[in-house]
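Read through the structure below, which is laid out as structure tokens, and then see the notes.
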Amino acid sequence: MGVVNITPDSFSDGGRYLEPDQALARALAIEAEGAAIIDVGGESTRPGAAPVTAQEEFQRVLPVLERLRSRTRSILSVDTSKPQLMRLAAAAGADLINDVYALRAPGALEAAAESGCAVCLMHMQGEPRTMQRSPHYSDVVSEVRAFLAERLEACRRVGIADERIVLDPGFGFGKTLEHNLTLLRRLNEVRVEGLPLLAGLSRKASIGTLTGKPPGERVYGSVAAALIAAQSGANILRVHDVAATVDALKVLEAVAGVGARSDNFVEVFP
Ligand code: 8Y7
């Protein structure tokens, strides 16, 4: 999954893909680099990021989705927590709703169910503005597991079939470096049998802490984290640096037989 941010304040590529033309070019470029999923987002979830009005978010995302839909058969993902945008994005051709709130906003479960889209349910402790102040868990793995199990049940209750659901531990969302490392080490324990697991570590603060590098220079650290995640059972990797990650996965796949385009992965998205 390659990231296309249409936000002026996103920390890792702030402002570079604001114009629809540029966002479209970026999306087609990462597809050519080997991304199977294009994740389009118009609201930054960076800690401390300014909130975006719904209208602004819609105006950023929808034209890009519409234009992409007419140009590609790749899986189009919309990164949003807003029920109305879930509906509009589905009408514009989105295949996957990537919601960092795991459909907890009022009406989000119903909107996702009716959209017919697949959904990615991500764990987050707290909310983006304040989540990194003092994250706390007694056991981060079991708490993430319990949260995802509860959201999975909520989806089943509104008729979202398991075949449409992706789970994600939410690296960096209300988690210290130590929490992130524990989750990465024990990623296999987060898996739910039969459901694909998504991992997003690309350019995140933990990579910065480990390498001492700013976001734009976290490619090598991010690729290492992506490979570890793939080896620990992640089926989908959300990354900014698609070409680098795809090369690394080709090597891993040759050795271990796992990778971003495993059979397992393609089956869940009709
Ligand atoms: C994730 C994500 C972000 C992630 C999923 C960033 C939108 C922060 N991170 N969605 N979004 N998983 N599913 O650093 O880890 O890219 S935004």
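Just remember, in the structure tokens the first chain shown is A, the second B, etc., residues are 1-based per chain, and ligands are 1-based in the order shown.
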Can you pull out every residue with an atom within 8 Å of ligand 1? Use only C-alpha atoms and all ligand atoms and format it as a PyMOL selection string. chain A and resi 3+11-12+41+44-46+79-80+98-100+120-122+168-173+198-205+238-240
Using DSSP secondary structure from the backbone, list all strand (DSSP E) positions within range 24-228 of chain A, as a ChimeraX atom specification. /A:37-41,75-79,96-99,118-122,165-168,198-199
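Considering only C-alpha atoms, the residue among A:Gly174, A:Gly257, A:Gly126, A:Gly93 positioned nearest to Gly233 in chain A is A:Gly257.
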Spatial neighbours of Glu43 in chain A, max dist 9 Å, only C-alpha atoms, sep filter under 6 positions, as number ranges by chain: A: 5-7, 9-10, 49-53, 56-57, 60, 79-80
Create the file for the chosen residues now, containing N, CA, C and O atoms and written as a CSV table (one decimal), in the first residue's frame.
chain,number,residue,atom,x,y,z
A,5,ASN,N,-0.6,11.5,0.2
A,5,ASN,CA,-1.1,12.5,1.1
A,5,ASN,C,-1.5,13.7,0.4
A,5,ASN,O,-0.6,14.3,-0.3
A,6,ILE,N,-2.7,14.1,0.5
A,6,ILE,CA,-3.1,15.4,-0.2
A,6,ILE,C,-3.3,16.4,1.0
A,6,ILE,O,-4.4,17.0,1.1
A,7,THR,N,-2.3,16.6,1.8
A,7,THR,CA,-2.4,17.5,2.9
A,7,THR,C,-1.2,18.4,2.9
A,7,THR,O,-0.1,18.0,2.7
A,9,ASP,N,0.1,19.7,5.5
A,9,ASP,CA,0.8,19.7,6.8
A,9,ASP,C,1.3,18.3,7.2
A,9,ASP,O,1.8,18.1,8.3
A,10,SER,N,1.2,17.3,6.3
A,10,SER,CA,1.6,16.0,6.6
A,10,SER,C,3.1,15.9,6.9
A,10,SER,O,3.9,16.4,6.1
A,49,ALA,N,-1.5,17.8,14.7
A,49,ALA,CA,-1.9,18.4,13.4
A,49,ALA,C,-3.2,19.1,13.5
A,49,ALA,O,-4.1,18.8,14.3
A,50,ALA,N,-3.4,20.2,12.7
A,50,ALA,CA,-4.6,21.0,12.8
A,50,ALA,C,-5.7,20.2,12.1
A,50,ALA,O,-5.5,19.6,11.1
A,51,PRO,N,-6.9,20.2,12.7
A,51,PRO,CA,-8.0,19.5,12.1
A,51,PRO,C,-8.5,20.2,10.8
A,51,PRO,O,-8.2,21.4,10.6
A,52,VAL,N,-9.0,19.4,10.0
A,52,VAL,CA,-9.4,19.9,8.6
A,52,VAL,C,-11.0,19.9,8.6
A,52,VAL,O,-11.6,19.0,9.1
A,53,THR,N,-11.6,20.9,7.9
A,53,THR,CA,-13.0,20.8,7.8
A,53,THR,C,-13.4,19.7,6.8
A,53,THR,O,-12.6,19.3,6.0
A,56,GLU,N,-13.2,20.7,3.2
A,56,GLU,CA,-11.8,20.8,2.7
A,56,GLU,C,-11.3,19.4,2.4
A,56,GLU,O,-10.6,19.2,1.4
A,57,GLU,N,-11.5,18.5,3.3
A,57,GLU,CA,-11.0,17.1,3.2
A,57,GLU,C,-11.7,16.5,1.9
A,57,GLU,O,-11.0,15.8,1.1
A,60,ARG,N,-10.2,17.8,-1.3
A,60,ARG,CA,-8.9,17.3,-1.6
A,60,ARG,C,-8.9,15.9,-2.2
A,60,ARG,O,-8.2,15.5,-3.1
A,79,ASP,N,-8.3,7.2,3.1
A,79,ASP,CA,-7.9,7.3,4.5
A,79,ASP,C,-8.9,8.4,5.1
A,79,ASP,O,-8.6,9.6,4.9
A,80,THR,N,-9.9,7.9,5.8
A,80,THR,CA,-10.8,8.9,6.4
A,80,THR,C,-11.6,8.2,7.5
A,80,THR,O,-11.7,7.0,7.6
A:Met124, A:Ala35, A:Leu103, A:Ile228: which is nearest Cys155 in chain A, counting only C-alpha atoms? A:Leu103
Using DSSP on the backbone, list every residue of range 102-202 of chain A that comes out as alpha helix (DSSP H), and give them as JSON, numbers by chain. {"A": [108, 109, 110, 111, 112, 113, 114, 115, 140, 141, 142, 143, 144, 145, 146, 147, 148, 149, 150, 151, 152, 153, 154, 155, 156, 157, 177, 178, 179, 180, 181, 182, 183, 184, 185]}
Pick out the residues sitting within 9 Å of range 132-142 of chain A, and hand them over as a list in words; count only C-alpha atoms, and ignore anything fewer than 6 positions along from it in its own chain.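 Residues near the query, excluding close chain neighbours: Pro47, Gln125, Gly126, Pro169, Gly172, Phe173, Gly174, Lys175, Thr176, His179, Asn180, Thr182, Leu183, Arg186, Leu187, Glu189 and Val190 of chain A.
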